[in-house]
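**Q** Next comes entry37.cif, mmCIF, C-alpha atoms and all ligand atoms:
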```cif
data_data
loop_
_atom_site.group_PDB
_atom_site.id
_atom_site.type_symbol
_atom_site.label_atom_id
_atom_site.label_comp_id
_atom_site.auth_asym_id
_atom_site.auth_seq_id
_atom_site.Cartn_x
_atom_site.Cartn_y
_atom_site.Cartn_z
ATOM 1 C CA MET A 1 -4.514 -32.483 10.659
ATOM 2 C CA LYS A 2 -2.258 -31.051 13.348
ATOM 3 C CA TYR A 3 0.787 -29.196 12.236
ATOM 4 C CA LEU A 4 2.224 -25.817 11.600
ATOM 5 C CA LYS A 5 5.400 -26.784 9.847
ATOM 6 C CA TYR A 6 6.187 -26.405 6.177
ATOM 7 C CA LYS A 7 7.438 -29.997 6.135
ATOM 8 C CA GLU A 8 4.044 -31.386 7.064
ATOM 9 C CA ILE A 9 2.327 -29.174 4.494
ATOM 10 C CA ALA A 10 4.658 -30.488 1.776
ATOM 11 C CA ASN A 11 3.806 -34.067 2.742
ATOM 12 C CA ASN A 12 0.060 -33.550 3.103
ATOM 13 C CA LYS A 13 -1.898 -36.010 0.977
ATOM 14 C CA GLU A 14 -4.787 -33.680 0.161
ATOM 15 C CA ILE A 15 -2.581 -30.743 -0.822
ATOM 16 C CA ASN A 16 -0.476 -32.975 -3.049
ATOM 17 C CA ALA A 17 -3.601 -34.429 -4.667
ATOM 18 C CA TYR A 18 -4.774 -30.895 -5.577
ATOM 19 C CA LEU A 19 -1.336 -30.097 -6.982
ATOM 20 C CA GLN A 20 -1.293 -33.275 -9.025
ATOM 21 C CA LYS A 21 -4.736 -32.611 -10.510
ATOM 22 C CA GLY A 22 -3.899 -28.941 -11.122
ATOM 23 C CA ASN A 23 -0.705 -29.859 -12.918
ATOM 24 C CA ALA A 24 -2.564 -32.408 -15.047
ATOM 25 C CA ASN A 25 -5.206 -29.793 -15.934
ATOM 26 C CA LEU A 26 -2.522 -27.312 -16.989
ATOM 27 C CA GLY A 27 -0.793 -30.001 -19.011
ATOM 28 C CA GLN A 28 -3.997 -30.326 -21.043
ATOM 29 C CA LEU A 29 -3.938 -26.568 -21.617
ATOM 30 C CA GLY A 30 -0.305 -26.704 -22.762
ATOM 31 C CA PHE A 31 1.055 -24.814 -19.754
ATOM 32 C CA THR A 32 4.457 -25.288 -18.171
ATOM 33 C CA ASP A 33 5.041 -27.699 -15.306
ATOM 34 C CA HIS A 34 3.215 -26.672 -12.121
ATOM 35 C CA SER A 35 3.985 -29.825 -10.146
ATOM 36 C CA LYS A 36 5.360 -30.360 -6.655
ATOM 37 C CA ALA A 37 8.817 -29.437 -8.036
ATOM 38 C CA HIS A 38 7.516 -25.948 -8.889
ATOM 39 C CA CYS A 39 5.914 -25.537 -5.455
ATOM 40 C CA VAL A 40 9.032 -26.683 -3.578
ATOM 41 C CA GLN A 41 11.113 -24.227 -5.596
ATOM 42 C CA VAL A 42 8.707 -21.351 -4.912
ATOM 43 C CA ALA A 43 8.492 -22.202 -1.194
ATOM 44 C CA HIS A 44 12.272 -22.232 -0.810
ATOM 45 C CA GLN A 45 12.776 -19.048 -2.792
ATOM 46 C CA ALA A 46 10.068 -17.196 -0.833
ATOM 47 C CA GLY A 47 11.725 -18.255 2.427
ATOM 48 C CA LYS A 48 15.161 -17.286 1.147
ATOM 49 C CA ILE A 49 13.995 -13.810 0.108
ATOM 50 C CA LEU A 50 12.574 -13.043 3.564
ATOM 51 C CA LYS A 51 15.600 -14.530 5.328
ATOM 52 C CA ARG A 52 17.938 -12.357 3.263
ATOM 53 C CA LEU A 53 15.883 -9.291 4.168
ATOM 54 C CA GLY A 54 15.998 -10.100 7.869
ATOM 55 C CA TYR A 55 12.385 -11.149 8.483
ATOM 56 C CA SER A 56 11.463 -13.476 11.366
ATOM 57 C CA GLU A 57 11.505 -17.269 11.277
ATOM 58 C CA HIS A 58 7.743 -17.128 11.655
ATOM 59 C CA GLU A 59 7.247 -14.955 8.558
ATOM 60 C CA ILE A 60 9.653 -17.206 6.657
ATOM 61 C CA GLU A 61 7.616 -20.265 7.666
ATOM 62 C CA LEU A 62 4.360 -18.637 6.514
ATOM 63 C CA ALA A 63 5.931 -17.647 3.186
ATOM 64 C CA LYS A 64 7.120 -21.229 2.665
ATOM 65 C CA ILE A 65 3.667 -22.627 3.460
ATOM 66 C CA ALA A 66 1.973 -20.136 1.113
ATOM 67 C CA GLY A 67 4.651 -20.857 -1.486
ATOM 68 C CA TYR A 68 4.056 -24.573 -1.389
ATOM 69 C CA MET A 69 0.264 -24.264 -1.547
ATOM 70 C CA HIS A 70 -0.009 -21.306 -3.949
ATOM 71 C CA ASP A 71 -1.091 -23.223 -7.067
ATOM 72 C CA ILE A 72 -3.572 -25.736 -5.568
ATOM 73 C CA GLY A 73 -6.459 -23.780 -7.151
ATOM 74 C CA ASN A 74 -5.431 -25.038 -10.588
ATOM 75 C CA ALA A 75 -7.222 -28.257 -9.597
ATOM 76 C CA ILE A 76 -10.491 -26.314 -9.905
ATOM 77 C CA ASN A 77 -9.860 -23.852 -12.748
ATOM 78 C CA ARG A 78 -6.847 -22.036 -14.189
ATOM 79 C CA THR A 79 -8.739 -18.748 -14.403
ATOM 80 C CA HIS A 80 -8.924 -17.387 -10.863
ATOM 81 C CA HIS A 81 -6.783 -20.282 -9.620
ATOM 82 C CA ALA A 82 -5.300 -17.926 -7.032
ATOM 83 C CA GLU A 83 -8.677 -17.169 -5.458
ATOM 84 C CA TYR A 84 -9.902 -20.781 -5.625
ATOM 85 C CA GLY A 85 -6.608 -21.864 -4.102
ATOM 86 C CA ALA A 86 -7.016 -19.418 -1.225
ATOM 87 C CA LEU A 87 -10.446 -20.842 -0.424
ATOM 88 C CA LEU A 88 -9.198 -24.430 -0.611
ATOM 89 C CA ALA A 89 -6.256 -23.507 1.629
ATOM 90 C CA ASN A 90 -8.586 -21.862 4.115
ATOM 91 C CA ASP A 91 -10.580 -25.089 4.497
ATOM 92 C CA LEU A 92 -7.433 -27.161 4.849
ATOM 93 C CA LEU A 93 -5.677 -24.897 7.320
ATOM 94 C CA LYS A 94 -8.808 -24.456 9.416
ATOM 95 C CA GLU A 95 -8.347 -28.054 10.514
ATOM 96 C CA THR A 96 -4.851 -27.357 11.820
ATOM 97 C CA ASP A 97 -3.586 -25.549 14.885
ATOM 98 C CA MET A 98 -2.550 -22.539 12.798
ATOM 99 C CA SER A 99 -3.787 -19.272 14.288
ATOM 100 C CA LEU A 100 -6.549 -17.360 12.548
ATOM 101 C CA GLU A 101 -4.182 -14.460 11.891
ATOM 102 C CA ASP A 102 -1.572 -16.683 10.258
ATOM 103 C CA ARG A 103 -4.203 -18.489 8.220
ATOM 104 C CA ILE A 104 -5.448 -15.177 6.840
ATOM 105 C CA THR A 105 -1.873 -14.133 5.983
ATOM 106 C CA VAL A 106 -1.329 -17.380 4.075
ATOM 107 C CA ILE A 107 -4.623 -17.325 2.177
ATOM 108 C CA ALA A 108 -4.260 -13.629 1.294
ATOM 109 C CA ALA A 109 -0.826 -14.396 -0.183
ATOM 110 C CA ILE A 110 -2.209 -17.326 -2.185
ATOM 111 C CA GLY A 111 -5.246 -15.326 -3.333
ATOM 112 C CA ASN A 112 -3.075 -12.449 -4.535
ATOM 113 C CA HIS A 113 -0.182 -14.289 -6.179
ATOM 114 C CA ASP A 114 -1.517 -13.978 -9.730
ATOM 115 C CA GLU A 115 -0.848 -10.499 -11.096
ATOM 116 C CA SER A 116 -3.901 -10.561 -13.357
ATOM 117 C CA THR A 117 -6.192 -10.319 -10.326
ATOM 118 C CA GLY A 118 -4.009 -9.698 -7.263
ATOM 119 C CA SER A 119 -1.275 -7.508 -5.884
ATOM 120 C CA PRO A 120 1.269 -7.741 -3.031
ATOM 121 C CA GLU A 121 -0.539 -7.133 0.262
ATOM 122 C CA ASP A 122 2.252 -7.691 2.805
ATOM 123 C CA VAL A 123 5.760 -9.170 3.019
ATOM 124 C CA VAL A 124 4.599 -12.794 2.767
ATOM 125 C CA SER A 125 2.476 -11.972 -0.273
ATOM 126 C CA ALA A 126 5.283 -9.984 -1.929
ATOM 127 C CA ALA A 127 7.832 -12.749 -1.314
ATOM 128 C CA LEU A 128 5.474 -15.303 -2.871
ATOM 129 C CA ILE A 129 4.899 -13.222 -6.019
ATOM 130 C CA ILE A 130 8.638 -12.727 -6.569
ATOM 131 C CA ALA A 131 9.481 -16.363 -5.769
ATOM 132 C CA ASP A 132 6.852 -17.595 -8.241
ATOM 133 C CA LYS A 133 8.671 -15.682 -10.985
ATOM 134 C CA THR A 134 12.047 -17.238 -10.173
ATOM 135 C CA ASP A 135 11.162 -20.750 -11.300
ATOM 136 C CA VAL A 136 12.585 -20.632 -14.808
ATOM 137 C CA ARG A 137 13.830 -24.205 -15.142
ATOM 138 C CA ARG A 138 14.042 -25.195 -18.800
ATOM 139 C CA SER A 139 12.490 -28.545 -17.836
ATOM 140 C CA ARG A 140 9.229 -26.739 -16.957
ATOM 141 C CA VAL A 141 8.468 -26.249 -20.661
ATOM 142 C CA ARG A 142 6.136 -29.003 -21.893
ATOM 143 C CA GLN A 143 5.390 -27.679 -25.375
ATOM 144 C CA LYS A 144 7.738 -29.070 -27.988
ATOM 145 C CA GLU A 145 6.421 -26.774 -30.722
ATOM 146 C CA ARG A 146 7.788 -23.236 -30.427
ATOM 147 C CA SER A 147 4.742 -21.691 -32.125
ATOM 148 C CA ALA A 148 2.585 -23.119 -29.313
ATOM 149 C CA TYR A 149 4.619 -21.461 -26.524
ATOM 150 C CA ASP A 150 2.772 -19.359 -23.989
ATOM 151 C CA ILE A 151 4.185 -16.641 -21.724
ATOM 152 C CA HIS A 152 5.567 -19.192 -19.234
ATOM 153 C CA ASP A 153 7.578 -21.059 -21.871
HETATM 154 FE FE FE A 201 -0.165 -19.527 -9.923
HETATM 155 FE FE FE A 202 3.158 -20.831 -9.568
#
```
Just give me the structure of the file as structure tokens.
Ligand SMILES: [Fe+2]
Ligand SMILES: [Fe+2]
**A**
Amino acid sequence: MKYLKYKEIANNKEINAYLQKGNANLGQLGFTDHSKAHCVQVAHQAGKILKRLGYSEHEIELAKIAGYMHDIGNAINRTHHAEYGALLANDLLKETDMSLEDRITVIAAIGNHDESTGSPEDVVSAALIIADKTDVRRSRVRQKERSAYDIHD
């Protein structure tokens, strides 16, 4: 895989397969929607935040890539999905022309996006954490029964 553009990441077959499986797994657990729609929203918001704050096009691109890939670890396990996702992303991005430095920035952001185990490490990581919290579409809620709601609902 040759790339370094967000667009190619969003159309990557393997990444989208992880997202699809992760979203299906979370559906079984009664979680909100974590599909491609969620990842596109997070990617755009992360980019928008850094653009508004005057960061470079390059940092914006990295935030969008991390934003799109941030939940791929749900394909493996919800608990520690951030860390599993970072490792999956590392394998995927290793096969691209992305620089080692950029790859580490992206995987650190993914690995730290869940506040139960991670914390903001740099601007890309901070933008991802905030962007992840902005996806509050009512259509994300999959539980019909109010008593079964979790924190995301
Ligand atoms: Fe997540
Ligand atoms: Fe998320």
**Q** Find the spatial neighbours of Ala43 of chain A, counting only C-alpha atoms, within a cut-off of 8 Å - ignore same-chain residues fewer than 5 positions away - and output them as a ChimeraX atom specification.
**A** /A:63-68,128,131
**Q** Got time to write the residues from that selection, C-alpha atoms, as a PDB file, in the frame of the given file?
**A**
```
ATOM      1  CA  ALA A  63       5.931 -17.647   3.186  1.00  0.00           C
ATOM      2  CA  LYS A  64       7.120 -21.229   2.665  1.00  0.00           C
ATOM      3  CA  ILE A  65       3.667 -22.627   3.460  1.00  0.00           C
ATOM      4  CA  ALA A  66       1.973 -20.136   1.113  1.00  0.00           C
ATOM      5  CA  GLY A  67       4.651 -20.857  -1.486  1.00  0.00           C
ATOM      6  CA  TYR A  68       4.056 -24.573  -1.389  1.00  0.00           C
ATOM      7  CA  LEU A 128       5.474 -15.303  -2.871  1.00  0.00           C
ATOM      8  CA  ALA A 131       9.481 -16.363  -5.769  1.00  0.00           C
TER       9      ALA A 131
END
```
**Q** Smallest atom-to-atom distance to ligand FE 202 (chain A): which of A:Gln28, A:Thr134, A:Thr117, A:Asn77, using only C-alpha atoms and all ligand atoms?
**A**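 Smallest separation from ligand FE 202 (chain A) among the options: A:Thr134.
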**Q** Which is closest to ligand FE 201 (chain A) among A:Gly30, A:Gly73, A:Pro120, A:Gly54, if we use all atoms listed in the file?
**A**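 Looking at the shortest contact to ligand FE 201 (chain A), the residue is A:Gly73.
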**Q** Would you write out, as CSV, a table of all residues in chain A that have an atom no more than 10 Å from an atom of ligand FE 201 (chain A), listing for each the closest atom pair and the distance in Å to one decimal, considering only C-alpha atoms and all ligand atoms and ordering rows by chain and rising residue number?
**A**
```
residue,atom,partner,partner_atom,distance
A:His34,CA,A:FE201,FE,8.2
A:Cys39,CA,A:FE201,FE,9.6
A:Gly67,CA,A:FE201,FE,9.8
A:Met69,CA,A:FE201,FE,9.6
A:His70,CA,A:FE201,FE,6.2
A:Asp71,CA,A:FE201,FE,4.8
A:Ile72,CA,A:FE201,FE,8.3
A:Gly73,CA,A:FE201,FE,8.1
A:Asn74,CA,A:FE201,FE,7.7
A:Arg78,CA,A:FE201,FE,8.3
A:Thr79,CA,A:FE201,FE,9.7
A:His80,CA,A:FE201,FE,9.1
A:His81,CA,A:FE201,FE,6.7
A:Ala82,CA,A:FE201,FE,6.1
A:Glu83,CA,A:FE201,FE,9.9
A:Gly85,CA,A:FE201,FE,9.0
A:Ile110,CA,A:FE201,FE,8.3
A:Gly111,CA,A:FE201,FE,9.3
A:Asn112,CA,A:FE201,FE,9.4
A:His113,CA,A:FE201,FE,6.4
A:Asp114,CA,A:FE201,FE,5.7
A:Glu115,CA,A:FE201,FE,9.1
A:Leu128,CA,A:FE201,FE,10.0
A:Ile129,CA,A:FE201,FE,9.0
A:Asp132,CA,A:FE201,FE,7.5
A:Lys133,CA,A:FE201,FE,9.7
```
**Q** Which is closer to Lys36 of chain A than all the others in A:Tyr18, A:Tyr6, A:Tyr55, A:Tyr84, using all atoms listed in the file?
**A**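 Smallest distance to Lys36 of chain A is found for A:Tyr18.
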**Q** Go ahead and compute the interatomic distance for atom CA of His38 of chain A and atom CA of Ser56 of chain A, in Å to one decimal.
**A**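 Result for atom CA of His38 of chain A versus atom CA of Ser56 of chain A: 24.1 Å, one decimal.
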**Q** Pick out the closest residue to Glu121 of chain A from this set: A:Lys94, A:Glu61, A:Ile104, A:Gly22. Count all atoms listed in the file.
**A** A:Ile104
**Q** Take atom CA of Lys21 of chain A and atom CA of Leu50 of chain A and report the distance between them in Å, one decimal.
**A** 29.7 Å
**Q** Which one of A:Ile76, A:Ala46, A:Ala126, A:Leu29 sits closest to Ala17 of chain A if you count all atoms listed in the file?
**A**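 Checking each of A:Ile76, A:Ala46, A:Ala126, A:Leu29 against Ala17 of chain A, counting all atoms listed in the file, the winner is A:Ile76.
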**Q** Measure the distance from atom CA of Ala89 of chain A to atom CA of Ile15 of chain A in Å and round it to one decimal.
**A**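 For atom CA of Ala89 of chain A relative to atom CA of Ile15 of chain A, the distance reads 8.5 Å.
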**Q** For segment 91-105 of chain A, I'd like the enclosing box, axis-aligned and padded by 6 Å on every side, reported as lines of an AutoDock Vina configuration file with centre and edge lengths in Å to one decimal.
**A**
```
center_x = -6.1
center_y = -21.1
center_z = 9.7
size_x = 21.0
size_y = 25.9
size_z = 22.4
```
**Q** Using all atoms listed in the file, can you tell me which of A:Thr105, A:Ser35, A:Asn90, A:Ser125 comes closest to ligand FE 202 (chain A)?
**A** A:Ser35
